[in-house]
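Only one structure is covered here, and it is reproduced in the block below.
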Amino acid sequence: MRKRLTLFAISLLILFVSCKEEQKNTKNAVSVEKPNIVIIYADDLGYGELGAYGATELKTPNLDKLANGGMRFTNGYATSATCTPSRYALLTGLYPWRNESAKILPGTAPLIIDVAQPTIPKMLKKQGYHTGIVGKWHLGLGNGNVNWNQRIAPGPNEVGFDYSHILAATQDRVPTVYIEDGHVVNLDPNDPIEVNYKENFEGEPTGLENPELLKMKWHHGHNNSIVNGIPRIGFMKGGKAAKWVDEDMADYFLADAQNYVKQHKNEPFFLYYALQQPHVPRTPHARFVGTSGMGPRGDVIVEADWVIGEFIETLESEGLLENTLIVFSSDNGPVVNDGYYDDSEEKLGNHKPAGALRGGKYSLFEAGTRVPFFTYWKGKINPGVSDEMVSQIDLFASLAALTGSDESTIDSQELLDLFLGKTVAGRKEMVIEATSRTAFRKGDWAMIPPYKGPAINNQVNIELANDSEYQLYNLKDDIEQQHNVAKTNPDKLKELIAAYEAIRGTETFEVQQLELK
């Protein structure tokens, strides 16, 4: 009997150890199976720029393949009609108007994401992900007094990115250098960088005073320091060896994004791949010059499509495509002439960057914030089209759900099933923003409060949606927003104002009304 009991105890011990080992292996398997996540973010790409969204004049085969092979949203939104606010919202899951600093920033602005606040990369790091950003940043760096010749912090690395390789702001702003993990790339310590957004450095040429040095002429607002024959916003001195070559930027960041994937293919990774196209200055590589027939703006969109095709090919060749969720969108709607004479208007032809939508970048009309937006996951997301409303702020809560995190924010809505192609409901309502002005979407309706100011930005020829009266549009019947039905639908207008104020508050709204009077 004693022998039998001993054998029974040993058997139980073996069974217990085996179960523990099985649990351990299962836990490890789940960890390994966590999908890689890639967010590809275009810059100033409009709703009507891709073939998958109705473009007929531009050829975007690689993006179309992804869009048509995944879940394509017809009501996908950036939070804002300008870049910095949208990027802030994307990474934090918060409406940008909650942060008064979330406006278009100069290249010397301090970091506007608090290092203590939650972000997508921080959340994913906790779930075992390696996190990286490659490309455009434009969310500020440092604490407001950056020394570009030392390590620059805080920045992307301090808000959750293990790896960062960025341009500080935009391609048309100084400093025109790449920054890797806080250090300016190729900086010669004997040629230090100085940056000033108020006054020029003695003896430095500018676009305003030295037009003979330009290979691209400025139209408005871009007449300060000249780099590579292109006048910029802001003044810069020094850093000659570190300055980028604009025409090589797409290739430069592509190579880094590919290297990131190869280096981290054996662990779950999150890559925020922020393209610079088609933001100004539009500087396609010589391989793409003339390929669109629309001048540099069209050419850089063709270039961006090629870049994404090459990146996807890398994922596939490394055996990662079937375990990678890809999200593609744009930071705001389109603008054609945005500061340089680049034939963007003259060669536009029949192409409609905003598609059937009204407005564009800077605008509260639909084209300001409704943008291309699709998810792709080979073998996991069935091809489809959704008319449900989604916002980029919803990625925070949705990616948290995907990876097993319980984190969220007050504005981010968990829409994981929808992003994964299941037929479930999307957002019911949403605040949109454009240059410190906000408006509201609810169901099929769009409401724009009264605002002072010009109706059109004459520099870029875009309607801003400013009006002395309320605007109300039924987007189901009037996608082009040609018929303001506020006066004939007073109950619906009242309903939307109440819902808007419940989110946005009344103080700012009342101030706007008082100013109009």
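Each chain in the structure tokens gets a letter, A, B, ..., in the order shown, and its residues are numbered from 1; ligands are numbered from 1 in order too.
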Exercise for review: Please identify all polymer residues within 8 Å of Lys59 in chain A, counting only C-alpha atoms, omitting same-chain residues fewer than 2 positions from it, and present them as a PyMOL selection string.
Suggested key: chain A and resi 50-51+55-57+61+292+302
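Reported to one decimal place, the separation of CA of Thr438 in chain A from CA of Gly453 in chain A is 14.0 Å.
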Residues within 10 Å of range 87-91 of chain A, please, as a PyMOL selection string. Count only C-alpha atoms; anything in the same chain fewer than 4 positions from it doesn't count.
chain A and resi 39+41+78-80+82-83+95-99+102-103+112-113+118-122+136-139+159-160+272+274+330-332+391-396+411-412
Take the residues from that selection and write them out as a PDB file, in the first residue's frame, keeping C-alpha atoms.
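Wrote it out as part_10.pdb, contents follow:
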ATOM      1  CA  ILE A  39       0.820  52.338 -38.674  1.00  0.00           C
ATOM      2  CA  TYR A  41       0.764  57.687 -41.856  1.00  0.00           C
ATOM      3  CA  ALA A  78      -8.263  62.173 -38.608  1.00  0.00           C
ATOM      4  CA  THR A  79      -9.208  64.254 -35.596  1.00  0.00           C
ATOM      5  CA  SER A  80      -7.919  67.438 -37.179  1.00  0.00           C
ATOM      6  CA  THR A  82      -3.770  69.965 -39.691  1.00  0.00           C
ATOM      7  CA  CYS A  83      -0.826  67.736 -38.887  1.00  0.00           C
ATOM      8  CA  TYR A  95      -8.825  64.890 -28.720  1.00  0.00           C
ATOM      9  CA  PRO A  96      -6.127  67.465 -29.474  1.00  0.00           C
ATOM     10  CA  TRP A  97      -8.240  70.416 -28.385  1.00  0.00           C
ATOM     11  CA  ARG A  98      -7.820  69.122 -24.828  1.00  0.00           C
ATOM     12  CA  ASN A  99      -4.191  70.254 -25.111  1.00  0.00           C
ATOM     13  CA  ALA A 102      -1.510  70.863 -29.918  1.00  0.00           C
ATOM     14  CA  LYS A 103      -1.310  73.288 -32.832  1.00  0.00           C
ATOM     15  CA  ILE A 112       3.726  68.639 -26.368  1.00  0.00           C
ATOM     16  CA  ILE A 113       3.125  65.077 -25.168  1.00  0.00           C
ATOM     17  CA  PRO A 118      -0.229  57.211 -21.788  1.00  0.00           C
ATOM     18  CA  THR A 119       0.659  56.688 -25.449  1.00  0.00           C
ATOM     19  CA  ILE A 120       0.277  53.798 -27.888  1.00  0.00           C
ATOM     20  CA  PRO A 121       3.990  52.923 -27.824  1.00  0.00           C
ATOM     21  CA  LYS A 122       4.076  53.032 -24.000  1.00  0.00           C
ATOM     22  CA  LYS A 136       8.047  62.694 -39.565  1.00  0.00           C
ATOM     23  CA  TRP A 137       7.555  63.676 -35.901  1.00  0.00           C
ATOM     24  CA  HIS A 138       6.275  67.294 -35.579  1.00  0.00           C
ATOM     25  CA  LEU A 139       5.213  66.985 -31.947  1.00  0.00           C
ATOM     26  CA  VAL A 159       7.092  58.938 -24.716  1.00  0.00           C
ATOM     27  CA  GLY A 160       7.399  55.236 -25.437  1.00  0.00           C
ATOM     28  CA  TYR A 272       4.976  54.040 -36.655  1.00  0.00           C
ATOM     29  CA  ALA A 274       5.313  58.433 -40.843  1.00  0.00           C
ATOM     30  CA  SER A 330      -3.397  60.432 -43.438  1.00  0.00           C
ATOM     31  CA  ASP A 331      -2.972  63.232 -40.914  1.00  0.00           C
ATOM     32  CA  ASN A 332      -5.415  65.555 -42.675  1.00  0.00           C
ATOM     33  CA  SER A 391     -11.500  57.985 -35.885  1.00  0.00           C
ATOM     34  CA  GLN A 392      -7.767  57.668 -35.481  1.00  0.00           C
ATOM     35  CA  ILE A 393      -8.155  58.261 -31.734  1.00  0.00           C
ATOM     36  CA  ASP A 394      -9.880  54.861 -31.592  1.00  0.00           C
ATOM     37  CA  LEU A 395      -6.642  53.060 -32.406  1.00  0.00           C
ATOM     38  CA  PHE A 396      -5.412  53.433 -28.820  1.00  0.00           C
ATOM     39  CA  ASP A 411     -11.836  59.771 -25.986  1.00  0.00           C
ATOM     40  CA  SER A 412     -10.643  56.508 -27.554  1.00  0.00           C
TER      41      SER A 412
END
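For the residues A:Leu364, A:Met389, A:Ala42, A:Leu124, ranking by smallest atom-to-atom distance to Leu464 in chain A using only C-alpha atoms places A:Leu364 first.
Omitting Glu469 in chain A and its sequence neighbours fewer than 3 positions away, and counting only C-alpha atoms, the residues within 10 Å are Ile448, Pro449, Pro450, Tyr451, Lys452, Asn466, Leu472, Asn484, Ala486, Lys487, Gln513 and Leu516 of chain A.
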Exercise. Determine which residues of range 113-302 of chain A receive a DSSP assignment of alpha helix (DSSP H), computed from the backbone, and state them as a ChimeraX atom specification.
Key: /A:120-126,249-263,296-302
Please dump the current selection as a PDB file, in the first residue's frame; keep N, CA and C atoms.
ATOM      1  N   ILE A 120       0.315  55.129 -27.275  1.00  0.00           N
ATOM      2  CA  ILE A 120       0.277  53.798 -27.888  1.00  0.00           C
ATOM      3  C   ILE A 120       1.598  53.064 -27.707  1.00  0.00           C
ATOM      4  N   PRO A 121       2.749  53.679 -28.012  1.00  0.00           N
ATOM      5  CA  PRO A 121       3.990  52.923 -27.824  1.00  0.00           C
ATOM      6  C   PRO A 121       4.252  52.531 -26.371  1.00  0.00           C
ATOM      7  N   LYS A 122       3.912  53.397 -25.415  1.00  0.00           N
ATOM      8  CA  LYS A 122       4.076  53.032 -24.000  1.00  0.00           C
ATOM      9  C   LYS A 122       3.220  51.821 -23.654  1.00  0.00           C
ATOM     10  N   MET A 123       1.973  51.855 -24.092  1.00  0.00           N
ATOM     11  CA  MET A 123       1.048  50.776 -23.795  1.00  0.00           C
ATOM     12  C   MET A 123       1.533  49.463 -24.404  1.00  0.00           C
ATOM     13  N   LEU A 124       2.027  49.524 -25.644  1.00  0.00           N
ATOM     14  CA  LEU A 124       2.475  48.307 -26.313  1.00  0.00           C
ATOM     15  C   LEU A 124       3.784  47.785 -25.721  1.00  0.00           C
ATOM     16  N   LYS A 125       4.636  48.677 -25.238  1.00  0.00           N
ATOM     17  CA  LYS A 125       5.866  48.227 -24.565  1.00  0.00           C
ATOM     18  C   LYS A 125       5.524  47.348 -23.361  1.00  0.00           C
ATOM     19  N   LYS A 126       4.493  47.732 -22.626  1.00  0.00           N
ATOM     20  CA  LYS A 126       4.079  46.952 -21.466  1.00  0.00           C
ATOM     21  C   LYS A 126       3.596  45.565 -21.869  1.00  0.00           C
ATOM     22  N   MET A 249      14.965  61.570 -49.376  1.00  0.00           N
ATOM     23  CA  MET A 249      14.305  61.331 -48.092  1.00  0.00           C
ATOM     24  C   MET A 249      13.442  60.077 -48.101  1.00  0.00           C
ATOM     25  N   ALA A 250      12.671  59.857 -49.147  1.00  0.00           N
ATOM     26  CA  ALA A 250      11.799  58.675 -49.190  1.00  0.00           C
ATOM     27  C   ALA A 250      12.618  57.391 -49.128  1.00  0.00           C
ATOM     28  N   ASP A 251      13.692  57.333 -49.901  1.00  0.00           N
ATOM     29  CA  ASP A 251      14.564  56.154 -49.887  1.00  0.00           C
ATOM     30  C   ASP A 251      15.231  55.978 -48.525  1.00  0.00           C
ATOM     31  N   TYR A 252      15.628  57.093 -47.929  1.00  0.00           N
ATOM     32  CA  TYR A 252      16.327  57.074 -46.649  1.00  0.00           C
ATOM     33  C   TYR A 252      15.460  56.443 -45.563  1.00  0.00           C
ATOM     34  N   PHE A 253      14.229  56.918 -45.443  1.00  0.00           N
ATOM     35  CA  PHE A 253      13.354  56.388 -44.402  1.00  0.00           C
ATOM     36  C   PHE A 253      12.865  54.985 -44.733  1.00  0.00           C
ATOM     37  N   LEU A 254      12.671  54.679 -46.018  1.00  0.00           N
ATOM     38  CA  LEU A 254      12.290  53.325 -46.401  1.00  0.00           C
ATOM     39  C   LEU A 254      13.347  52.321 -45.936  1.00  0.00           C
ATOM     40  N   ALA A 255      14.605  52.617 -46.210  1.00  0.00           N
ATOM     41  CA  ALA A 255      15.684  51.709 -45.824  1.00  0.00           C
ATOM     42  C   ALA A 255      15.694  51.494 -44.314  1.00  0.00           C
ATOM     43  N   ASP A 256      15.432  52.558 -43.563  1.00  0.00           N
ATOM     44  CA  ASP A 256      15.445  52.427 -42.109  1.00  0.00           C
ATOM     45  C   ASP A 256      14.251  51.614 -41.621  1.00  0.00           C
ATOM     46  N   ALA A 257      13.083  51.824 -42.239  1.00  0.00           N
ATOM     47  CA  ALA A 257      11.899  51.040 -41.864  1.00  0.00           C
ATOM     48  C   ALA A 257      12.124  49.554 -42.167  1.00  0.00           C
ATOM     49  N   GLN A 258      12.736  49.267 -43.311  1.00  0.00           N
ATOM     50  CA  GLN A 258      13.041  47.881 -43.663  1.00  0.00           C
ATOM     51  C   GLN A 258      14.034  47.271 -42.673  1.00  0.00           C
ATOM     52  N   ASN A 259      15.053  48.023 -42.312  1.00  0.00           N
ATOM     53  CA  ASN A 259      16.040  47.528 -41.351  1.00  0.00           C
ATOM     54  C   ASN A 259      15.409  47.270 -39.984  1.00  0.00           C
ATOM     55  N   TYR A 260      14.495  48.154 -39.602  1.00  0.00           N
ATOM     56  CA  TYR A 260      13.825  47.972 -38.309  1.00  0.00           C
ATOM     57  C   TYR A 260      13.080  46.643 -38.283  1.00  0.00           C
ATOM     58  N   VAL A 261      12.354  46.359 -39.350  1.00  0.00           N
ATOM     59  CA  VAL A 261      11.596  45.111 -39.442  1.00  0.00           C
ATOM     60  C   VAL A 261      12.535  43.907 -39.352  1.00  0.00           C
ATOM     61  N   LYS A 262      13.638  43.949 -40.072  1.00  0.00           N
ATOM     62  CA  LYS A 262      14.578  42.823 -40.085  1.00  0.00           C
ATOM     63  C   LYS A 262      15.232  42.609 -38.724  1.00  0.00           C
ATOM     64  N   GLN A 263      15.518  43.715 -38.051  1.00  0.00           N
ATOM     65  CA  GLN A 263      16.190  43.612 -36.753  1.00  0.00           C
ATOM     66  C   GLN A 263      15.276  43.085 -35.657  1.00  0.00           C
ATOM     67  N   PRO A 296       5.351  67.703 -59.442  1.00  0.00           N
ATOM     68  CA  PRO A 296       5.928  67.098 -58.237  1.00  0.00           C
ATOM     69  C   PRO A 296       4.911  66.543 -57.243  1.00  0.00           C
ATOM     70  N   ARG A 297       3.753  67.184 -57.106  1.00  0.00           N
ATOM     71  CA  ARG A 297       2.785  66.674 -56.124  1.00  0.00           C
ATOM     72  C   ARG A 297       2.309  65.276 -56.504  1.00  0.00           C
ATOM     73  N   GLY A 298       1.938  65.105 -57.740  1.00  0.00           N
ATOM     74  CA  GLY A 298       1.527  63.779 -58.188  1.00  0.00           C
ATOM     75  C   GLY A 298       2.662  62.784 -58.146  1.00  0.00           C
ATOM     76  N   ASP A 299       3.861  63.261 -58.492  1.00  0.00           N
ATOM     77  CA  ASP A 299       5.022  62.362 -58.524  1.00  0.00           C
ATOM     78  C   ASP A 299       5.362  61.807 -57.143  1.00  0.00           C
ATOM     79  N   VAL A 300       5.233  62.638 -56.098  1.00  0.00           N
ATOM     80  CA  VAL A 300       5.584  62.131 -54.768  1.00  0.00           C
ATOM     81  C   VAL A 300       4.521  61.173 -54.234  1.00  0.00           C
ATOM     82  N   ILE A 301       3.301  61.285 -54.721  1.00  0.00           N
ATOM     83  CA  ILE A 301       2.283  60.299 -54.344  1.00  0.00           C
ATOM     84  C   ILE A 301       2.598  58.959 -54.997  1.00  0.00           C
ATOM     85  N   VAL A 302       3.013  58.998 -56.262  1.00  0.00           N
ATOM     86  CA  VAL A 302       3.458  57.774 -56.935  1.00  0.00           C
ATOM     87  C   VAL A 302       4.670  57.188 -56.208  1.00  0.00           C
TER      88      VAL A 302
END
Restricting to only C-alpha atoms, whichever of A:Met447, A:Ala455, A:Asn461, A:Gln117 is closest to Pro490 in chain A is A:Met447
Problem - Within 10 Å of Val38 in chain A using only C-alpha atoms, minus same-chain residues under 2 positions, as a list in words - result: Pro35, Asn36, Ile40, Tyr41, Thr131, Gly132, Ile133, Val261, Phe269, Phe270, Leu271, Tyr272, Tyr273, Thr324, Leu325, Ile326, Val327, Phe328, Thr375 and Tyr376 of chain A
Residues as selected, N, CA, C and O atoms, written as a tab-separated table (two decimals), in the first residue's frame, can you do that?
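The resulting file, out_25.tsv, is shown below:
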chain	number	residue	atom	x	y	z
A	35	PRO	N	0.43	39.89	-32.82
A	35	PRO	CA	0.77	40.40	-34.15
A	35	PRO	C	1.67	41.62	-34.09
A	35	PRO	O	1.59	42.44	-33.16
A	36	ASN	N	2.54	41.75	-35.06
A	36	ASN	CA	3.24	43.01	-35.24
A	36	ASN	C	2.22	44.05	-35.66
A	36	ASN	O	1.20	43.73	-36.28
A	40	ILE	N	1.07	53.21	-40.92
A	40	ILE	CA	1.67	54.00	-41.99
A	40	ILE	C	0.83	55.27	-42.12
A	40	ILE	O	-0.37	55.20	-42.37
A	41	TYR	N	1.48	56.41	-41.96
A	41	TYR	CA	0.76	57.69	-41.86
A	41	TYR	C	1.25	58.63	-42.95
A	41	TYR	O	2.41	59.07	-42.94
A	131	THR	N	9.21	49.03	-29.84
A	131	THR	CA	8.49	50.13	-30.48
A	131	THR	C	9.43	51.05	-31.22
A	131	THR	O	10.50	51.41	-30.72
A	132	GLY	N	9.04	51.44	-32.43
A	132	GLY	CA	9.89	52.31	-33.23
A	132	GLY	C	9.10	53.32	-34.04
A	132	GLY	O	7.96	53.06	-34.43
A	133	ILE	N	9.71	54.46	-34.29
A	133	ILE	CA	9.16	55.47	-35.19
A	133	ILE	C	10.21	55.80	-36.23
A	133	ILE	O	11.38	56.03	-35.91
A	261	VAL	N	12.35	46.36	-39.35
A	261	VAL	CA	11.60	45.11	-39.44
A	261	VAL	C	12.54	43.91	-39.35
A	261	VAL	O	12.27	42.94	-38.63
A	269	PHE	N	6.68	43.66	-32.66
A	269	PHE	CA	7.12	45.05	-32.79
A	269	PHE	C	5.97	45.95	-33.23
A	269	PHE	O	5.02	45.51	-33.87
A	270	PHE	N	6.09	47.21	-32.86
A	270	PHE	CA	5.18	48.27	-33.30
A	270	PHE	C	6.02	49.31	-34.03
A	270	PHE	O	6.95	49.87	-33.46
A	271	LEU	N	5.68	49.55	-35.29
A	271	LEU	CA	6.39	50.56	-36.08
A	271	LEU	C	5.41	51.63	-36.53
A	271	LEU	O	4.40	51.34	-37.17
A	272	TYR	N	5.72	52.87	-36.18
A	272	TYR	CA	4.98	54.04	-36.65
A	272	TYR	C	5.81	54.61	-37.80
A	272	TYR	O	6.85	55.23	-37.57
A	273	TYR	N	5.35	54.38	-39.01
A	273	TYR	CA	6.08	54.76	-40.22
A	273	TYR	C	5.39	56.00	-40.81
A	273	TYR	O	4.37	55.90	-41.47
A	324	THR	N	1.12	40.50	-39.22
A	324	THR	CA	1.28	41.95	-39.07
A	324	THR	C	-0.01	42.68	-39.41
A	324	THR	O	-0.52	42.55	-40.53
A	325	LEU	N	-0.53	43.41	-38.46
A	325	LEU	CA	-1.67	44.29	-38.70
A	325	LEU	C	-1.16	45.62	-39.21
A	325	LEU	O	-0.32	46.25	-38.57
A	326	ILE	N	-1.64	46.04	-40.37
A	326	ILE	CA	-1.22	47.30	-40.97
A	326	ILE	C	-2.40	48.27	-40.97
A	326	ILE	O	-3.51	47.92	-41.38
A	327	VAL	N	-2.16	49.46	-40.48
A	327	VAL	CA	-3.16	50.53	-40.51
A	327	VAL	C	-2.59	51.65	-41.36
A	327	VAL	O	-1.46	52.10	-41.15
A	328	PHE	N	-3.38	52.10	-42.33
A	328	PHE	CA	-2.94	53.21	-43.18
A	328	PHE	C	-3.94	54.35	-43.09
A	328	PHE	O	-5.15	54.14	-43.14
A	375	THR	N	-7.45	49.07	-42.87
A	375	THR	CA	-6.67	48.10	-42.12
A	375	THR	C	-6.43	46.89	-43.00
A	375	THR	O	-7.30	46.50	-43.79
A	376	TYR	N	-5.27	46.28	-42.84
A	376	TYR	CA	-4.91	45.12	-43.65
A	376	TYR	C	-4.16	44.11	-42.78
A	376	TYR	O	-3.24	44.48	-42.05
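For Gly384 in chain A, the list of residues within 10 Å, based on only C-alpha atoms and with local chain neighbours fewer than 3 positions off taken out, reads Ala67, Asn68, Gly69, Gly70, Met71, Arg72, Phe73, Phe374, Ile381, Gly421, Lys422 and Thr423 of chain A.
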Name all residues at most 12 Å from Leu496 in chain A (count only C-alpha atoms; drop same-chain ones fewer than 5 positions away) and give them as a VMD selection string.
-> chain A and resid 428 to 431 439 to 449 470 to 473 486 489 to 491 501 to 504
